[in-house]
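As provided, target31.txt (compact mmCIF, C-alpha atoms and all ligand atoms) reads as follows.
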```txt
# COMPACT_ATOMS: atom_id res chain seq x y z
CA MET U 52 71.47 53.30 78.56
CA ASP U 53 71.55 56.07 81.16
CA ALA U 54 72.18 59.39 79.37
CA SER U 55 74.87 60.27 81.92
CA LEU U 56 76.87 57.28 80.73
CA ARG U 57 76.65 58.18 77.05
CA SER U 58 79.37 60.76 77.27
CA PHE U 59 81.54 62.20 79.97
CA SER U 60 84.69 64.21 80.32
CA TYR U 61 88.06 63.21 81.57
CA SER U 62 91.45 64.88 81.46
CA ASN U 63 92.19 63.97 77.84
CA GLY U 64 88.93 65.33 76.45
CA THR U 65 85.39 64.04 76.00
CA VAL U 66 84.60 60.45 75.22
CA THR U 67 81.36 59.62 73.49
CA PHE U 68 80.28 56.01 73.80
CA ALA U 69 79.49 54.39 70.45
CA PRO U 70 76.46 52.07 70.60
CA ARG U 71 78.70 48.99 70.36
CA LEU U 72 80.82 50.21 73.25
CA ALA U 73 77.67 50.87 75.28
CA LYS U 74 76.63 47.24 74.67
CA THR U 75 80.08 46.08 75.72
CA VAL U 76 79.90 48.05 78.96
CA ARG U 77 76.41 46.66 79.69
CA LEU U 78 77.69 43.13 79.23
CA PHE U 79 80.61 43.90 81.53
CA CYS U 80 78.32 45.26 84.23
CA ARG U 81 76.07 42.22 84.01
CA ASP U 82 78.70 39.50 83.90
CA TYR U 83 81.96 40.71 85.36
CA MET U 84 81.62 39.05 88.73
CA VAL U 85 81.22 35.55 87.47
CA THR U 86 82.39 34.84 83.96
CA ARG U 87 85.88 34.36 82.67
CA SER U 88 84.60 34.33 79.10
CA ALA U 89 82.98 37.77 79.51
CA LEU U 90 86.33 39.22 80.54
CA ILE U 91 88.12 37.49 77.69
CA TYR U 92 85.43 38.86 75.36
CA LEU U 93 86.06 42.35 76.73
CA SER U 94 89.80 41.90 76.23
CA GLN U 95 89.14 41.67 72.49
CA GLN U 96 86.91 44.75 72.18
CA GLU U 97 88.73 47.43 70.22
CA GLU U 98 86.50 50.32 71.39
CA LEU U 99 86.97 49.48 75.03
CA LYS U 100 90.69 49.02 74.54
CA ASP U 101 90.97 52.50 73.07
CA PHE U 102 88.92 53.97 75.89
CA ALA U 103 90.70 52.12 78.70
CA THR U 104 94.20 53.01 77.54
CA ARG U 105 93.30 56.72 77.59
CA PHE U 106 91.33 56.69 80.85
CA ARG U 107 93.89 57.63 83.51
CA PRO U 108 92.32 56.11 86.65
CA PHE U 109 92.04 52.75 84.86
CA LYS U 110 95.60 52.98 83.56
CA LYS U 111 96.91 53.56 87.08
CA LEU U 112 95.51 50.20 88.16
CA THR U 113 97.52 48.29 85.64
CA THR U 114 100.72 48.81 87.63
CA ARG U 115 99.82 45.70 89.60
CA PHE U 116 100.34 43.53 86.47
CA VAL U 117 102.23 45.77 84.03
CA ALA U 118 105.73 47.08 84.76
CA GLY U 119 105.29 50.44 83.01
CA GLU U 120 105.16 51.82 79.50
CA THR U 121 108.86 52.07 78.65
CA VAL U 122 111.87 49.76 78.56
CA ASP U 123 113.50 51.84 81.29
CA GLU U 124 110.55 51.28 83.63
CA ALA U 125 110.64 47.55 82.90
CA VAL U 126 114.40 47.46 83.58
CA LYS U 127 113.80 49.07 87.02
CA ALA U 128 111.14 46.47 87.80
CA ILE U 129 113.50 43.67 86.74
CA GLN U 130 116.31 45.03 88.91
CA LYS U 131 113.99 44.63 91.93
CA ILE U 132 112.98 41.15 90.79
CA ASN U 133 116.65 40.18 90.42
CA ALA U 134 117.34 41.55 93.91
CA ASP U 135 114.74 39.08 95.20
CA GLY U 136 116.67 36.21 93.65
CA CYS U 137 114.48 35.77 90.55
CA SER U 138 115.32 36.07 86.86
CA ALA U 139 112.93 37.67 84.36
CA SER U 140 111.54 37.61 80.85
CA PHE U 141 110.67 40.86 79.05
CA ASP U 142 107.38 41.03 77.19
CA HIS U 143 106.62 44.08 75.09
CA LEU U 144 102.82 44.27 74.98
CA ASN U 145 101.33 44.77 71.55
CA GLU U 146 99.09 42.02 70.20
CA SER U 147 97.16 43.90 67.59
CA VAL U 148 99.79 44.81 65.09
CA ASN U 149 98.21 45.12 61.66
CA SER U 150 100.73 46.66 59.31
CA SER U 151 104.19 45.51 58.31
CA ASP U 152 105.60 48.89 59.41
CA GLU U 153 104.31 48.23 62.91
CA THR U 154 105.95 44.80 62.93
CA GLY U 155 109.24 46.51 62.09
CA ALA U 156 108.80 48.76 65.13
CA GLU U 157 108.27 45.65 67.29
CA VAL U 158 111.53 44.15 66.03
CA ALA U 159 113.32 47.44 66.82
CA GLU U 160 111.82 47.42 70.34
CA TYR U 161 113.06 43.89 71.01
CA LEU U 162 116.54 44.67 69.67
CA GLN U 163 116.59 47.62 72.06
CA ILE U 164 115.51 45.35 74.94
CA LEU U 165 118.29 42.86 74.19
CA GLU U 166 120.81 45.68 74.12
CA GLN U 167 119.48 47.08 77.41
CA ILE U 168 119.79 43.66 79.05
CA ASP U 169 123.48 43.62 78.12
CA THR U 170 124.09 47.25 79.07
CA THR U 171 122.40 47.06 82.45
CA GLY U 172 123.55 43.51 83.27
CA ILE U 173 120.09 42.43 84.43
CA ASP U 174 119.21 38.73 84.48
CA SER U 175 116.52 38.46 81.84
CA ASN U 176 115.60 36.84 78.56
CA VAL U 177 112.72 37.89 76.25
CA SER U 178 109.29 36.54 75.36
CA ILE U 179 107.70 37.35 72.00
CA LYS U 180 104.30 36.87 70.43
CA LEU U 181 104.31 36.05 66.72
CA SER U 182 101.18 38.17 66.20
CA GLN U 183 103.40 41.12 67.14
CA PHE U 184 105.65 40.26 64.25
CA GLY U 185 102.87 39.91 61.69
CA LEU U 186 101.53 36.36 62.02
CA GLU U 187 98.03 37.53 61.19
CA ILE U 188 99.27 39.44 58.13
CA ASP U 189 101.66 36.89 56.62
CA SER U 190 103.40 34.02 58.38
CA GLU U 191 106.58 34.54 56.33
CA LEU U 192 106.76 38.13 57.60
CA ALA U 193 106.37 36.87 61.19
CA PHE U 194 109.12 34.30 60.65
CA LYS U 195 111.54 36.85 59.19
CA ASN U 196 110.88 39.37 61.97
CA ALA U 197 111.14 36.82 64.79
CA ARG U 198 114.30 35.46 63.19
CA LEU U 199 115.97 38.89 63.46
CA VAL U 200 115.30 38.90 67.20
CA VAL U 201 116.43 35.31 67.74
CA GLU U 202 119.58 35.94 65.70
CA ASP U 203 120.47 38.96 67.85
CA ALA U 204 119.69 37.09 71.08
CA ALA U 205 121.82 34.12 69.97
CA ARG U 206 124.72 36.44 69.16
CA ARG U 207 124.45 37.90 72.67
CA GLY U 208 124.09 34.51 74.36
CA ASN U 209 120.49 35.33 75.34
CA PHE U 210 117.26 33.35 74.79
CA VAL U 211 113.92 34.04 73.09
CA ARG U 212 110.72 32.34 74.20
CA ILE U 213 107.92 32.25 71.63
CA ASP U 214 104.64 32.66 73.55
CA MET U 215 101.60 30.65 72.47
CA GLU U 216 98.45 32.52 71.45
CA GLY U 217 94.93 31.39 70.44
CA SER U 218 94.35 27.93 68.92
CA LYS U 219 93.89 29.37 65.42
CA VAL U 220 97.64 30.02 65.36
CA THR U 221 98.93 27.03 67.36
CA GLN U 222 100.14 25.10 64.31
CA ALA U 223 101.58 28.19 62.60
CA THR U 224 103.46 29.06 65.81
CA ILE U 225 104.88 25.54 66.13
CA ASP U 226 105.89 25.55 62.44
CA ILE U 227 107.78 28.83 62.79
CA PHE U 228 109.41 27.61 65.98
CA LYS U 229 110.57 24.41 64.24
CA ARG U 230 112.14 26.44 61.41
CA MET U 231 113.88 28.55 63.99
CA ARG U 232 115.13 25.48 65.89
CA ALA U 233 116.51 24.04 62.65
CA GLU U 234 118.69 27.12 62.32
CA PHE U 235 119.46 28.11 65.93
CA GLY U 236 120.50 26.23 69.05
CA LEU U 237 118.45 24.67 71.85
CA ASN U 238 119.47 27.51 74.17
CA ASP U 239 118.63 30.29 71.70
CA VAL U 240 114.89 29.79 71.23
CA GLY U 241 112.04 28.00 73.00
CA ILE U 242 108.28 27.65 72.76
CA VAL U 243 105.16 27.56 74.96
CA LEU U 244 102.44 24.89 75.11
CA GLN U 245 99.04 25.15 76.83
CA SER U 246 97.64 22.24 78.86
CA TYR U 247 94.02 23.17 78.05
CA LEU U 248 94.50 21.98 74.43
CA TYR U 249 93.86 18.30 73.65
CA ARG U 250 96.79 18.29 71.23
CA THR U 251 99.41 19.48 73.72
CA PHE U 252 100.71 16.18 75.09
CA GLU U 253 101.43 14.95 71.57
CA ASP U 254 102.94 18.32 70.57
CA ALA U 255 105.23 18.15 73.61
CA ARG U 256 106.27 14.59 72.79
CA GLN U 257 107.14 15.52 69.20
CA LEU U 258 108.91 18.79 70.06
CA LEU U 259 111.08 17.03 72.64
CA THR U 260 112.54 14.89 69.85
CA LEU U 261 114.12 18.04 68.26
CA PRO U 262 114.94 18.62 71.22
CA ALA U 263 113.18 21.81 72.37
CA ARG U 264 112.93 23.93 75.49
CA ILE U 265 109.27 24.20 76.42
CA ARG U 266 107.29 26.38 78.81
CA ILE U 267 104.11 24.65 79.92
CA CYS U 268 101.20 26.84 81.03
CA LYS U 269 97.45 26.20 81.36
CA GLY U 270 96.41 28.60 78.57
CA ALA U 271 94.87 32.07 78.75
CA TYR U 272 92.51 32.32 75.77
CA SER U 273 88.86 31.40 75.33
CA GLU U 274 88.81 28.13 73.39
CA PRO U 275 85.89 25.97 72.18
CA PRO U 276 85.38 22.40 73.49
CA GLU U 277 86.35 21.06 70.05
CA VAL U 278 89.98 21.94 70.79
CA ALA U 279 90.29 22.45 74.55
CA TYR U 280 89.24 20.73 77.77
CA PRO U 281 86.24 22.64 79.12
CA ASP U 282 86.83 21.38 82.70
CA LYS U 283 89.57 22.84 84.87
CA LYS U 284 90.12 19.38 86.40
CA ASP U 285 91.15 17.99 82.99
CA VAL U 286 93.34 21.03 82.25
CA ASP U 287 95.14 20.45 85.55
CA GLU U 288 95.52 16.69 84.95
CA ASN U 289 96.96 17.35 81.51
CA TYR U 290 99.28 19.99 82.98
CA ILE U 291 100.72 17.40 85.38
CA ARG U 292 101.10 14.80 82.58
CA VAL U 293 103.01 17.28 80.40
CA MET U 294 105.08 18.57 83.34
CA LYS U 295 106.20 14.98 84.08
CA LEU U 296 107.05 14.41 80.42
CA LEU U 297 109.13 17.61 80.34
CA LEU U 298 110.99 16.99 83.58
CA SER U 299 111.75 13.39 82.57
CA SER U 300 113.20 14.52 79.22
CA GLY U 301 116.44 15.82 80.72
CA GLY U 302 116.01 19.25 79.08
CA TYR U 303 115.66 22.61 80.85
CA HIS U 304 111.96 23.58 80.81
CA GLY U 305 109.71 26.27 82.28
CA ILE U 306 106.89 25.30 84.64
CA ALA U 307 104.66 28.37 84.39
CA THR U 308 101.90 28.50 86.97
CA HIS U 309 100.73 30.18 90.18
CA ASP U 310 98.71 27.15 91.16
CA PRO U 311 100.04 25.68 94.42
CA LYS U 312 98.74 22.25 93.32
CA MET U 313 100.77 22.32 90.09
CA ILE U 314 103.83 23.63 91.96
CA GLY U 315 103.46 20.96 94.66
CA ALA U 316 103.09 18.21 92.05
CA THR U 317 106.23 19.43 90.27
CA ILE U 318 108.32 19.54 93.45
CA GLU U 319 107.06 16.11 94.51
CA PHE U 320 107.75 14.55 91.10
CA ALA U 321 111.24 16.08 90.88
CA GLN U 322 112.12 14.83 94.38
CA LYS U 323 110.78 11.34 93.66
CA GLU U 324 112.71 11.09 90.39
CA GLY U 325 115.91 12.62 91.76
CA ILE U 326 115.65 15.62 89.40
CA GLY U 327 117.68 18.53 90.81
CA LYS U 328 116.32 22.02 91.49
CA GLU U 329 118.71 23.40 88.84
CA ALA U 330 117.19 21.19 86.10
CA PHE U 331 114.06 23.31 85.52
CA GLU U 332 112.57 26.70 86.40
CA PHE U 333 109.27 27.88 87.79
CA GLN U 334 107.78 30.88 86.02
CA MET U 335 105.14 33.35 87.20
CA LEU U 336 103.64 36.60 86.00
CA TYR U 337 104.65 40.04 87.27
CA GLY U 338 102.45 41.02 90.21
CA VAL U 339 100.87 37.59 90.72
CA ARG U 340 101.71 35.63 93.90
CA ARG U 341 104.83 37.65 94.66
CA ASP U 342 104.96 35.89 98.05
CA LEU U 343 105.25 32.50 96.35
CA GLN U 344 107.81 33.81 93.85
CA THR U 345 110.23 34.89 96.57
CA LYS U 346 109.54 31.80 98.68
CA LEU U 347 110.44 29.43 95.83
CA ALA U 348 113.56 31.45 95.07
CA ARG U 349 114.56 31.33 98.75
CA ASP U 350 113.97 27.57 98.75
CA GLY U 351 116.59 27.28 96.00
CA TYR U 352 114.34 26.88 92.94
CA ASN U 353 115.00 28.79 89.74
CA MET U 354 112.21 31.35 89.52
CA ARG U 355 111.58 33.49 86.43
CA VAL U 356 109.11 36.37 86.42
CA TYR U 357 107.44 37.35 83.15
CA VAL U 358 107.51 41.14 82.96
CA PRO U 359 105.10 42.81 80.55
CA TYR U 360 105.38 46.49 79.73
CA GLY U 361 104.21 48.89 77.04
CA LYS U 362 101.34 51.13 76.04
CA HIS U 363 99.16 48.32 74.68
CA TRP U 364 98.47 46.67 78.02
CA TYR U 365 94.68 46.34 77.73
CA PRO U 366 94.16 42.73 76.40
CA TYR U 367 96.89 41.36 78.68
CA PHE U 368 95.46 43.15 81.72
CA MET U 369 91.93 41.87 81.00
CA ARG U 370 93.15 38.27 80.66
CA ARG U 371 94.74 38.59 84.13
CA LEU U 372 91.39 39.74 85.53
CA ALA U 373 89.72 36.83 83.77
CA GLU U 374 92.01 34.35 85.51
CA ARG U 375 90.96 35.60 88.89
CA PRO U 376 87.73 37.56 88.90
CA ALA U 377 88.43 38.48 92.55
CA ASN U 378 90.96 40.90 91.07
CA ILE U 379 87.98 42.90 89.82
CA TRP U 380 87.29 43.98 93.40
CA PHE U 381 90.82 45.26 93.58
CA VAL U 382 90.18 47.23 90.38
CA MET U 383 86.80 48.59 91.49
CA LYS U 384 88.10 49.53 94.96
CA ASN U 385 91.07 51.45 93.59
CA MET U 386 89.48 52.86 90.46
CA PHE U 387 88.71 56.31 91.83
CA LYS U 388 91.24 56.55 94.65
CA GLY U 389 93.48 59.64 94.31
C1 LIG Z 401 105.39 32.91 82.95
C2 LIG Z 401 104.06 32.70 82.31
C3 LIG Z 401 103.97 32.75 80.94
C4 LIG Z 401 102.73 32.52 80.31
N1 LIG Z 401 102.67 32.47 78.95
C5 LIG Z 401 101.51 32.15 78.34
C6 LIG Z 401 101.43 31.93 76.94
O1 LIG Z 401 102.41 32.02 76.20
N2 LIG Z 401 100.22 31.61 76.42
C7 LIG Z 401 99.10 31.47 77.20
O2 LIG Z 401 98.02 31.16 76.68
N3 LIG Z 401 99.15 31.70 78.53
C8 LIG Z 401 100.32 32.02 79.11
N4 LIG Z 401 100.36 32.19 80.47
C9 LIG Z 401 99.09 32.29 81.25
C10 LIG Z 401 98.63 30.92 81.70
O3 LIG Z 401 98.20 30.18 80.58
C11 LIG Z 401 97.47 31.03 82.70
O4 LIG Z 401 96.42 31.73 82.13
C12 LIG Z 401 97.85 31.70 84.00
O5 LIG Z 401 99.14 31.37 84.40
C13 LIG Z 401 96.88 31.27 85.13
O6 LIG Z 401 96.97 29.91 85.32
P1 LIG Z 401 97.62 29.23 86.64
O7 LIG Z 401 98.51 28.12 86.17
O8 LIG Z 401 98.28 30.25 87.44
O9 LIG Z 401 96.43 28.52 87.37
P2 LIG Z 401 94.95 28.97 87.76
O10 LIG Z 401 94.23 27.69 88.00
O11 LIG Z 401 94.39 29.96 86.79
O12 LIG Z 401 95.19 29.72 89.11
C14 LIG Z 401 95.68 29.07 90.26
C15 LIG Z 401 95.83 30.07 91.38
O13 LIG Z 401 96.84 31.00 91.05
C16 LIG Z 401 96.50 32.31 91.46
N5 LIG Z 401 96.31 33.18 90.27
C17 LIG Z 401 96.27 32.78 88.97
N6 LIG Z 401 96.11 33.85 88.14
C18 LIG Z 401 96.05 34.92 88.94
C19 LIG Z 401 95.91 36.32 88.70
N7 LIG Z 401 95.79 36.82 87.46
N8 LIG Z 401 95.88 37.16 89.76
C20 LIG Z 401 96.02 36.68 91.02
N9 LIG Z 401 96.15 35.37 91.31
C21 LIG Z 401 96.18 34.51 90.30
C22 LIG Z 401 95.22 32.18 92.24
O14 LIG Z 401 95.55 31.96 93.58
C23 LIG Z 401 94.60 30.94 91.63
O15 LIG Z 401 93.70 30.30 92.48
C24 LIG Z 401 101.59 32.34 81.11
C25 LIG Z 401 101.68 32.29 82.49
C26 LIG Z 401 102.90 32.45 83.10
C27 LIG Z 401 102.98 32.34 84.58
```
Using structure tokens, write down the structure that the file contains.
Ligand SMILES: Cc1cc2nc3c(=O)[nH]c(=O)nc-3n(C[C@H](O)[C@H](O)[C@H](O)COP(=O)(O)OP(=O)(O)OC[C@H]3O[C@@H](n4cnc5c(N)ncnc54)[C@H](O)[C@@H]3O)c2cc1C
Amino acid sequence: MDASLRSFSYSNGTVTFAPRLAKTVRLFCRDYMVTRSALIYLSQQEELKDFATRFRPFKKLTTRFVAGETVDEAVKAIQKINADGCSASFDHLNESVNSSDETGAEVAEYLQILEQIDTTGIDSNVSIKLSQFGLEIDSELAFKNARLVVEDAARRGNFVRIDMEGSKVTQATIDIFKRMRAEFGLNDVGIVLQSYLYRTFEDARQLLTLPARIRICKGAYSEPPEVAYPDKKDVDENYIRVMKLLLSSGGYHGIATHDPKMIGATIEFAQKEGIGKEAFEFQMLYGVRRDLQTKLARDGYNMRVYVPYGKHWYPYFMRRLAERPANIWFVMKNMFKG
């Protein structure tokens, strides 16, 4: 590697690239324009995460997809979203929690968010990731932590959505959700399913018998062909199958996508079946297709924007780049602007 890239200074001090980081950067430079999997790989690299979160010019770029580092910043972003006729869902970013003390801090953060929603009167619920609450340490710990948040939300008349993570934790996530549903109401807690997984249609069918409120999305992780459709065409077909199942169930579900084809198929199906606009909601990510978000809201659809914030934005931000590698040009172009 070029000696000039081995170490350089920035405002927080001097960074020296470890050999593994140097390899990571080489892989990025070689593959970033074309491969989704390279970006997902980079999203999991601890060294790069540490570097990126301290490198100011890179951090500045995240504002396109991340609403800030503090609850107050996220509240301001949500106030604007509400003014555009959309509701929101808070997401405190922190996927790599690895001590039970840290999981306690995540619970405290979410309790603070729920309180802030009430104090400020914004229209928002919350989304949680069980890995934040200790799923990779001990599933019982994750259950107990998530339960504290759901209990508080239920008391306040709010709602907690349990996000879905990689396929290694799909079953554990569903199991914890089912325990939660046994204790709390339909409108207190919901779950997410990913249309790229073969198992999802059957999972949706079974969960609807509880019944359950489900968010369907395509899926954001890198999964092997043993568990997930490798072809986008199949992921999309499965998305439409699950969307139809959800809308036909009579429950209130989240159709999470920026894909005009998925949105068009949902609107068409709802119209054909006489399902009202109030019977479901579209959901999109903060900073992605804002034009479409406000258009759907203006057309009378329920539109919820998922609003991530926090210091640990790196893996989330990289997955957004992976979904649309054209965003890399945006990053490169703005990287060193003042
Ligand atoms: C509210 C919400 C919650 C989610 N929760 C989860 C979850 O719990 N677990 C999980 O695995 N995944 C989750 N996701 C991510 C999801 O799985 C997809 O990775 C993501 O939504 C991209 O898929 P898509 O349906 O937009 O379609 P794609 O086929 O990826 O994209 C369709 C079109 O949408 C636009 N687009 C999509 N992504 C971007 C982007 N990043 N920047 C700019 N334009 C873009 C482009 O025009 C693109 O052509 C969530 C997504 C949303 C919207």
Neighbour list for Glu191 of chain U as a tab-separated table (two decimals) with C-alpha atoms, in the coordinates of the input, cut-off 12 Å, all atoms listed in the file, skip fewer than 6 positions in-chain:
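The resulting out.tsv:
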```tsv
chain	number	residue	atom	x	y	z
U	151	SER	CA	104.19	45.51	58.31
U	181	LEU	CA	104.31	36.05	66.72
U	182	SER	CA	101.18	38.17	66.20
U	184	PHE	CA	105.65	40.26	64.25
U	185	GLY	CA	102.87	39.91	61.69
U	197	ALA	CA	111.14	36.82	64.79
U	198	ARG	CA	114.30	35.46	63.19
U	223	ALA	CA	101.58	28.19	62.60
U	224	THR	CA	103.46	29.06	65.81
U	226	ASP	CA	105.89	25.55	62.44
U	227	ILE	CA	107.78	28.83	62.79
U	230	ARG	CA	112.14	26.44	61.41
```
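Taking atom CA of Leu186 of chain U and atom CA of Thr221 of chain U as endpoints, the distance between them is 11.1 Å.
For the choices U:Lys284, U:Arg250, U:Arg375, U:Lys346, the atom-to-atom distance to ligand LIG 401 (chain Z) is smallest for U:Arg375 when using all atoms listed in the file.
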Find the nearest atom pair between each residue of chain U and ligand LIG 401 (chain Z) for residues within 7 Å, count all atoms listed in the file, give distances in Å to one decimal, sort rows by chain and ascending number, and present the table as CSV.
```
residue,atom,partner,partner_atom,distance
U:Asp214,CA,Z:LIG401,O1,3.5
U:Met215,CA,Z:LIG401,O1,4.1
U:Glu216,CA,Z:LIG401,N2,5.4
U:Gly217,CA,Z:LIG401,O2,7.0
U:Val243,CA,Z:LIG401,O1,5.4
U:Gln245,CA,Z:LIG401,O2,6.1
U:Cys268,CA,Z:LIG401,O3,4.5
U:Lys269,CA,Z:LIG401,O3,4.1
U:Gly270,CA,Z:LIG401,O3,3.1
U:Ala271,CA,Z:LIG401,O4,3.7
U:Tyr272,CA,Z:LIG401,O2,5.7
U:Ala307,CA,Z:LIG401,C27,4.3
U:Thr308,CA,Z:LIG401,O7,3.5
U:His309,CA,Z:LIG401,O8,3.7
U:Asp310,CA,Z:LIG401,C14,3.7
U:Pro311,CA,Z:LIG401,C15,6.8
U:Gln334,CA,Z:LIG401,C1,4.4
U:Met335,CA,Z:LIG401,C27,3.5
U:Leu336,CA,Z:LIG401,C27,4.5
U:Val339,CA,Z:LIG401,C20,4.9
U:Arg340,CA,Z:LIG401,N9,6.1
U:Val356,CA,Z:LIG401,C1,6.2
U:Tyr357,CA,Z:LIG401,C1,4.9
U:Arg371,CA,Z:LIG401,N7,3.9
U:Leu372,CA,Z:LIG401,N7,5.6
U:Glu374,CA,Z:LIG401,N6,4.9
U:Arg375,CA,Z:LIG401,C19,5.0
U:Asn378,CA,Z:LIG401,N8,6.3
```
I need the residues from that last selection saved to file as a PDB file, in the coordinates of the input (with C-alpha atoms), if you can.
```pdb
ATOM      1  CA  ASP U 214     104.640  32.660  73.550  1.00  0.00           C
ATOM      2  CA  MET U 215     101.600  30.650  72.470  1.00  0.00           C
ATOM      3  CA  GLU U 216      98.450  32.520  71.450  1.00  0.00           C
ATOM      4  CA  GLY U 217      94.930  31.390  70.440  1.00  0.00           C
ATOM      5  CA  VAL U 243     105.160  27.560  74.960  1.00  0.00           C
ATOM      6  CA  GLN U 245      99.040  25.150  76.830  1.00  0.00           C
ATOM      7  CA  CYS U 268     101.200  26.840  81.030  1.00  0.00           C
ATOM      8  CA  LYS U 269      97.450  26.200  81.360  1.00  0.00           C
ATOM      9  CA  GLY U 270      96.410  28.600  78.570  1.00  0.00           C
ATOM     10  CA  ALA U 271      94.870  32.070  78.750  1.00  0.00           C
ATOM     11  CA  TYR U 272      92.510  32.320  75.770  1.00  0.00           C
ATOM     12  CA  ALA U 307     104.660  28.370  84.390  1.00  0.00           C
ATOM     13  CA  THR U 308     101.900  28.500  86.970  1.00  0.00           C
ATOM     14  CA  HIS U 309     100.730  30.180  90.180  1.00  0.00           C
ATOM     15  CA  ASP U 310      98.710  27.150  91.160  1.00  0.00           C
ATOM     16  CA  PRO U 311     100.040  25.680  94.420  1.00  0.00           C
ATOM     17  CA  GLN U 334     107.780  30.880  86.020  1.00  0.00           C
ATOM     18  CA  MET U 335     105.140  33.350  87.200  1.00  0.00           C
ATOM     19  CA  LEU U 336     103.640  36.600  86.000  1.00  0.00           C
ATOM     20  CA  VAL U 339     100.870  37.590  90.720  1.00  0.00           C
ATOM     21  CA  ARG U 340     101.710  35.630  93.900  1.00  0.00           C
ATOM     22  CA  VAL U 356     109.110  36.370  86.420  1.00  0.00           C
ATOM     23  CA  TYR U 357     107.440  37.350  83.150  1.00  0.00           C
ATOM     24  CA  ARG U 371      94.740  38.590  84.130  1.00  0.00           C
ATOM     25  CA  LEU U 372      91.390  39.740  85.530  1.00  0.00           C
ATOM     26  CA  GLU U 374      92.010  34.350  85.510  1.00  0.00           C
ATOM     27  CA  ARG U 375      90.960  35.600  88.890  1.00  0.00           C
ATOM     28  CA  ASN U 378      90.960  40.900  91.070  1.00  0.00           C
TER      29      ASN U 378
END
```
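You can rank U:Ser138, U:Thr251, U:Asn196, U:Ser273 by their closest distance to Leu296 of chain U using only C-alpha atoms, and at the top of that list sits U:Thr251.
Remark: for Asn353 of chain U, the closest of the candidate residues U:Glu202, U:Glu153, U:Asp142, U:Asp135 is U:Asp135 (distances computed over all atoms listed in the file).
By all atoms listed in the file, and with residues fewer than 5 positions from Leu248 of chain U along its chain excluded, the set lying at most 8 Å from it is Val278, Ala279, Tyr280 and Val286 of chain U.
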Just write the chosen residues, C-alpha atoms, as a short mmCIF file (atom, residue, chain, number, x, y, z; two decimals), keeping the file's coordinate frame.
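Dumped everything to part36.cif:
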```cif
data_model
loop_
_atom_site.label_atom_id
_atom_site.label_comp_id
_atom_site.auth_asym_id
_atom_site.auth_seq_id
_atom_site.Cartn_x
_atom_site.Cartn_y
_atom_site.Cartn_z
CA VAL U 278 89.98 21.94 70.79
CA ALA U 279 90.29 22.45 74.55
CA TYR U 280 89.24 20.73 77.77
CA VAL U 286 93.34 21.03 82.25
#
```
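Across the structure, atom CA of Lys195 of chain U and atom CA of Ile265 of chain U are spaced 21.5 Å apart.
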Could you please fill out segment 305-316 of chain U with N, CA and C atoms and send it back as a CSV table (one decimal), in the frame of the given file?
```csv
chain,number,residue,atom,x,y,z
U,305,GLY,N,110.3,25.3,81.4
U,305,GLY,CA,109.7,26.3,82.3
U,305,GLY,C,108.3,25.8,82.8
U,306,ILE,N,108.2,25.7,84.1
U,306,ILE,CA,106.9,25.3,84.6
U,306,ILE,C,106.2,26.6,85.1
U,307,ALA,N,105.3,27.1,84.2
U,307,ALA,CA,104.7,28.4,84.4
U,307,ALA,C,103.3,28.2,85.0
U,308,THR,N,103.2,28.6,86.3
U,308,THR,CA,101.9,28.5,87.0
U,308,THR,C,102.0,29.2,88.3
U,309,HIS,N,100.8,29.6,88.8
U,309,HIS,CA,100.7,30.2,90.2
U,309,HIS,C,99.9,29.2,91.1
U,310,ASP,N,99.6,28.1,90.5
U,310,ASP,CA,98.7,27.2,91.2
U,310,ASP,C,99.5,26.3,92.1
U,311,PRO,N,99.3,26.5,93.4
U,311,PRO,CA,100.0,25.7,94.4
U,311,PRO,C,100.0,24.2,94.2
U,312,LYS,N,98.8,23.7,93.6
U,312,LYS,CA,98.7,22.2,93.3
U,312,LYS,C,99.7,21.8,92.2
U,313,MET,N,99.8,22.6,91.2
U,313,MET,CA,100.8,22.3,90.1
U,313,MET,C,102.2,22.4,90.6
U,314,ILE,N,102.5,23.4,91.4
U,314,ILE,CA,103.8,23.6,92.0
U,314,ILE,C,104.2,22.5,92.9
U,315,GLY,N,103.2,22.1,93.7
U,315,GLY,CA,103.5,21.0,94.7
U,315,GLY,C,103.7,19.7,93.9
U,316,ALA,N,102.9,19.4,92.8
U,316,ALA,CA,103.1,18.2,92.0
U,316,ALA,C,104.5,18.2,91.4
```
